[in-house]
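This is entry-v9.csv. It holds CSV, N, CA and C atoms.
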```
chain,number,residue,atom,x,y,z
A,1,MET,N,6.4,-21.8,12.8
A,1,MET,CA,5.7,-22.9,12.2
A,1,MET,C,4.4,-22.4,11.4
A,2,ALA,N,3.8,-21.4,12.0
A,2,ALA,CA,2.6,-20.8,11.4
A,2,ALA,C,2.9,-20.1,10.1
A,3,LYS,N,4.1,-19.5,10.0
A,3,LYS,CA,4.5,-18.8,8.8
A,3,LYS,C,4.8,-19.9,7.7
A,4,LEU,N,5.4,-21.0,8.1
A,4,LEU,CA,5.6,-22.1,7.1
A,4,LEU,C,4.3,-22.6,6.5
A,5,ILE,N,3.3,-22.8,7.4
A,5,ILE,CA,2.1,-23.3,6.9
A,5,ILE,C,1.4,-22.3,6.0
A,6,ALA,N,1.5,-21.0,6.4
A,6,ALA,CA,0.9,-20.0,5.5
A,6,ALA,C,1.5,-19.9,4.2
A,7,ALA,N,2.9,-20.0,4.2
A,7,ALA,CA,3.6,-20.0,2.9
A,7,ALA,C,3.3,-21.2,2.0
A,8,LEU,N,3.1,-22.4,2.7
A,8,LEU,CA,2.7,-23.6,1.9
A,8,LEU,C,1.3,-23.5,1.3
A,9,LEU,N,0.4,-22.9,2.1
A,9,LEU,CA,-1.0,-22.8,1.6
A,9,LEU,C,-1.0,-21.8,0.4
A,10,LEU,N,-0.2,-20.7,0.5
A,10,LEU,CA,-0.2,-19.8,-0.6
A,10,LEU,C,0.5,-20.4,-1.8
A,11,ALA,N,1.5,-21.2,-1.6
A,11,ALA,CA,2.1,-21.9,-2.8
A,11,ALA,C,1.2,-22.9,-3.4
A,12,VAL,N,0.4,-23.6,-2.6
A,12,VAL,CA,-0.5,-24.5,-3.2
A,12,VAL,C,-1.6,-23.8,-4.0
A,13,TRP,N,-2.1,-22.7,-3.4
A,13,TRP,CA,-3.1,-21.9,-4.1
A,13,TRP,C,-2.6,-21.3,-5.4
A,14,VAL,N,-1.4,-20.8,-5.4
A,14,VAL,CA,-0.8,-20.3,-6.7
A,14,VAL,C,-0.7,-21.4,-7.7
A,15,ALA,N,-0.2,-22.5,-7.3
A,15,ALA,CA,0.0,-23.7,-8.2
A,15,ALA,C,-1.4,-24.1,-8.7
A,16,ALA,N,-2.4,-24.2,-7.9
A,16,ALA,CA,-3.7,-24.6,-8.3
A,16,ALA,C,-4.3,-23.6,-9.4
A,17,ILE,N,-4.1,-22.3,-9.2
A,17,ILE,CA,-4.5,-21.3,-10.1
A,17,ILE,C,-3.7,-21.5,-11.4
A,18,ALA,N,-2.4,-21.7,-11.4
A,18,ALA,CA,-1.6,-21.9,-12.6
A,18,ALA,C,-2.1,-23.1,-13.4
A,19,ILE,N,-2.4,-24.2,-12.7
A,19,ILE,CA,-2.8,-25.4,-13.4
A,19,ILE,C,-4.2,-25.2,-14.0
A,20,PHE,N,-5.1,-24.5,-13.2
A,20,PHE,CA,-6.5,-24.3,-13.7
A,20,PHE,C,-6.5,-23.3,-14.9
A,21,SER,N,-5.6,-22.3,-14.8
A,21,SER,CA,-5.6,-21.4,-16.0
A,21,SER,C,-5.0,-22.0,-17.2
A,22,ALA,N,-4.0,-22.9,-17.0
A,22,ALA,CA,-3.5,-23.6,-18.2
A,22,ALA,C,-4.5,-24.5,-18.9
A,23,GLN,N,-5.4,-25.1,-18.1
A,23,GLN,CA,-6.4,-25.9,-18.7
A,23,GLN,C,-7.6,-25.2,-19.2
A,24,ASN,N,-7.9,-24.0,-18.7
A,24,ASN,CA,-9.1,-23.3,-19.1
A,24,ASN,C,-8.7,-21.9,-19.7
A,25,GLY,N,-8.4,-21.9,-20.9
A,25,GLY,CA,-7.9,-20.7,-21.6
A,25,GLY,C,-9.1,-19.9,-22.3
A,26,THR,N,-10.3,-20.3,-22.0
A,26,THR,CA,-11.5,-19.7,-22.7
A,26,THR,C,-11.7,-18.3,-22.1
A,27,PRO,N,-11.7,-17.3,-23.0
A,27,PRO,CA,-12.0,-16.0,-22.4
A,27,PRO,C,-13.4,-15.8,-22.0
A,28,ILE,N,-13.5,-15.1,-20.8
A,28,ILE,CA,-14.9,-14.7,-20.3
A,28,ILE,C,-14.9,-13.2,-20.1
A,29,SER,N,-16.1,-12.7,-20.0
A,29,SER,CA,-16.3,-11.3,-19.6
A,29,SER,C,-17.3,-11.3,-18.4
A,30,LEU,N,-17.1,-10.5,-17.5
A,30,LEU,CA,-18.0,-10.3,-16.3
A,30,LEU,C,-19.0,-9.2,-16.5
A,31,GLN,N,-20.2,-9.4,-16.0
A,31,GLN,CA,-21.2,-8.4,-16.1
A,31,GLN,C,-21.7,-8.1,-14.7
A,32,PHE,N,-21.7,-6.8,-14.4
A,32,PHE,CA,-22.0,-6.4,-13.0
A,32,PHE,C,-22.8,-5.1,-13.1
A,33,PHE,N,-24.1,-5.1,-12.7
A,33,PHE,CA,-24.9,-3.9,-12.8
A,33,PHE,C,-25.0,-3.3,-14.3
A,34,GLY,N,-25.0,-4.2,-15.2
A,34,GLY,CA,-25.2,-3.8,-16.6
A,34,GLY,C,-23.8,-3.4,-17.3
A,35,LEU,N,-22.8,-3.3,-16.5
A,35,LEU,CA,-21.5,-3.0,-17.1
A,35,LEU,C,-20.7,-4.3,-17.4
A,36,ARG,N,-20.1,-4.3,-18.5
A,36,ARG,CA,-19.4,-5.5,-19.0
A,36,ARG,C,-17.9,-5.3,-19.1
A,37,SER,N,-17.1,-6.2,-18.6
A,37,SER,CA,-15.7,-6.1,-18.6
A,37,SER,C,-15.1,-6.6,-19.9
A,38,ILE,N,-13.8,-6.4,-20.0
A,38,ILE,CA,-13.1,-6.9,-21.2
A,38,ILE,C,-13.0,-8.5,-21.1
A,39,GLN,N,-12.7,-9.1,-22.1
A,39,GLN,CA,-12.6,-10.6,-22.1
A,39,GLN,C,-11.2,-11.0,-21.6
A,40,LEU,N,-11.2,-11.8,-20.6
A,40,LEU,CA,-9.9,-12.3,-20.0
A,40,LEU,C,-10.1,-13.8,-19.8
A,41,PRO,N,-9.0,-14.5,-19.9
A,41,PRO,CA,-9.1,-16.0,-19.6
A,41,PRO,C,-9.5,-16.2,-18.1
A,42,LEU,N,-10.2,-17.3,-17.9
A,42,LEU,CA,-10.8,-17.6,-16.6
A,42,LEU,C,-9.7,-17.6,-15.5
A,43,GLY,N,-8.6,-18.3,-15.8
A,43,GLY,CA,-7.5,-18.4,-14.8
A,43,GLY,C,-7.0,-17.0,-14.4
A,44,MET,N,-6.8,-16.1,-15.4
A,44,MET,CA,-6.3,-14.8,-15.1
A,44,MET,C,-7.3,-14.0,-14.2
A,45,THR,N,-8.6,-14.2,-14.5
A,45,THR,CA,-9.6,-13.5,-13.7
A,45,THR,C,-9.6,-14.0,-12.3
A,46,LEU,N,-9.4,-15.3,-12.1
A,46,LEU,CA,-9.3,-15.9,-10.7
A,46,LEU,C,-8.1,-15.4,-10.0
A,47,ALA,N,-7.0,-15.4,-10.7
A,47,ALA,CA,-5.7,-14.9,-10.1
A,47,ALA,C,-5.8,-13.4,-9.7
A,48,PHE,N,-6.5,-12.6,-10.5
A,48,PHE,CA,-6.6,-11.2,-10.2
A,48,PHE,C,-7.5,-11.0,-9.0
A,49,PHE,N,-8.6,-11.7,-8.9
A,49,PHE,CA,-9.5,-11.6,-7.7
A,49,PHE,C,-8.9,-12.2,-6.5
A,50,ALA,N,-8.1,-13.3,-6.6
A,50,ALA,CA,-7.4,-13.8,-5.4
A,50,ALA,C,-6.4,-12.8,-4.9
A,51,ALA,N,-5.6,-12.2,-5.8
A,51,ALA,CA,-4.6,-11.2,-5.4
A,51,ALA,C,-5.3,-10.0,-4.8
A,52,ALA,N,-6.4,-9.5,-5.3
A,52,ALA,CA,-7.2,-8.4,-4.8
A,52,ALA,C,-7.7,-8.7,-3.4
A,53,SER,N,-8.2,-9.9,-3.2
A,53,SER,CA,-8.7,-10.3,-1.9
A,53,SER,C,-7.6,-10.3,-0.9
A,54,MET,N,-6.4,-10.8,-1.2
A,54,MET,CA,-5.3,-10.9,-0.3
A,54,MET,C,-4.9,-9.4,0.1
A,55,ILE,N,-4.8,-8.6,-0.9
A,55,ILE,CA,-4.4,-7.2,-0.6
A,55,ILE,C,-5.5,-6.5,0.3
A,56,GLY,N,-6.8,-6.7,-0.1
A,56,GLY,CA,-7.9,-6.1,0.7
A,56,GLY,C,-7.9,-6.6,2.1
A,57,THR,N,-7.6,-7.9,2.3
A,57,THR,CA,-7.6,-8.5,3.7
A,57,THR,C,-6.4,-7.9,4.5
A,58,ALA,N,-5.3,-7.7,3.8
A,58,ALA,CA,-4.1,-7.1,4.5
A,58,ALA,C,-4.4,-5.7,4.9
A,59,LEU,N,-5.2,-5.0,4.1
A,59,LEU,CA,-5.5,-3.6,4.4
A,59,LEU,C,-6.5,-3.4,5.5
A,60,VAL,N,-7.5,-4.3,5.5
A,60,VAL,CA,-8.6,-4.2,6.4
A,60,VAL,C,-8.4,-4.9,7.8
A,61,LEU,N,-7.5,-5.9,7.8
A,61,LEU,CA,-7.3,-6.6,9.1
A,61,LEU,C,-6.8,-5.8,10.2
A,62,PRO,N,-5.9,-4.8,10.0
A,62,PRO,CA,-5.5,-4.0,11.2
A,62,PRO,C,-6.7,-3.1,11.8
A,63,VAL,N,-7.7,-2.8,11.0
A,63,VAL,CA,-8.8,-2.0,11.5
A,63,VAL,C,-9.6,-2.9,12.4
A,64,PHE,N,-9.8,-4.1,12.1
A,64,PHE,CA,-10.6,-5.0,13.0
A,64,PHE,C,-9.9,-5.5,14.2
A,65,THR,N,-8.6,-5.6,14.1
A,65,THR,CA,-7.8,-6.1,15.3
A,65,THR,C,-7.4,-5.0,16.3
A,66,GLY,N,-7.5,-3.8,15.8
A,66,GLY,CA,-7.1,-2.7,16.7
A,66,GLY,C,-5.6,-2.5,16.8
A,67,SER,N,-5.2,-1.5,17.5
A,67,SER,CA,-3.8,-1.2,17.6
A,67,SER,C,-3.0,-2.1,18.6
A,68,GLU,N,-3.8,-2.7,19.5
A,68,GLU,CA,-3.1,-3.7,20.5
A,68,GLU,C,-3.3,-5.1,20.0
A,69,ARG,N,-2.3,-5.9,20.3
A,69,ARG,CA,-2.4,-7.3,19.9
A,69,ARG,C,-3.3,-8.1,20.8
A,70,LEU,N,-4.0,-9.0,20.2
A,70,LEU,CA,-4.9,-9.9,21.0
A,70,LEU,C,-4.3,-11.2,21.2
A,71,GLY,N,-4.5,-11.8,22.4
A,71,GLY,CA,-3.9,-13.1,22.7
A,71,GLY,C,-4.7,-14.2,22.0
A,72,ALA,N,-4.3,-15.4,22.3
A,72,ALA,CA,-5.0,-16.6,21.6
A,72,ALA,C,-6.5,-16.7,22.1
A,73,ALA,N,-6.7,-16.3,23.3
A,73,ALA,CA,-8.1,-16.4,23.8
A,73,ALA,C,-8.9,-15.2,23.6
A,74,GLY,N,-8.3,-14.2,22.9
A,74,GLY,CA,-9.1,-13.0,22.6
A,74,GLY,C,-8.8,-11.9,23.7
A,75,ARG,N,-8.0,-12.1,24.7
A,75,ARG,CA,-7.7,-11.1,25.7
A,75,ARG,C,-6.6,-10.2,25.2
A,76,ARG,N,-6.7,-9.0,25.6
A,76,ARG,CA,-5.7,-8.0,25.2
A,76,ARG,C,-4.4,-8.2,26.0
A,77,LEU,N,-3.3,-8.3,25.3
A,77,LEU,CA,-2.0,-8.5,26.0
A,77,LEU,C,-1.5,-7.1,26.5
A,78,LYS,N,-0.8,-7.1,27.6
A,78,LYS,CA,-0.3,-5.9,28.2
A,78,LYS,C,1.2,-5.9,28.2
```

This entry written out as structure tokens:
Amino acid sequence: MAKLIAALLLAVWVAAIAIFSAQNGTPISLQFFGLRSIQLPLGMTLAFFAAASMIGTALVLPVFTGSERLGAAGRRLK
């Protein structure tokens, strides 16, 4: 059931980004510490950062949870 809810949330998020990017085609450029990026549409920028955050979370999550699985109450399962 949890996998179904996660898949539905991801599908809704992707659909929202698609609708938002279709409505906002204005190119933007980001500036960070004096460096300026190339101009991309706002929706594409949001989609890129959403995908990067999902990949980053998938890579960092095992570090914080450890090698053993945690139970629902936070206890280590044996």

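Taking only C-alpha atoms into account, Thr26 of chain A lies nearest to A:Gly43 out of the set A:Leu4, A:Leu61, A:Leu10, A:Gly43.
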
* atom C of Leu42 of chain A to atom N of Ala16 of chain A, distance in Å rounded to a single decimal -> 12.4 Å

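Our summary of the geometry notes that atom C of Arg36 of chain A is positioned 28.3 Å from atom N of Trp13 of chain A.
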
* How far is it from atom C of Phe48 of chain A to atom CA of Ile17 of chain A, in Å with one decimal? -> 10.8 Å
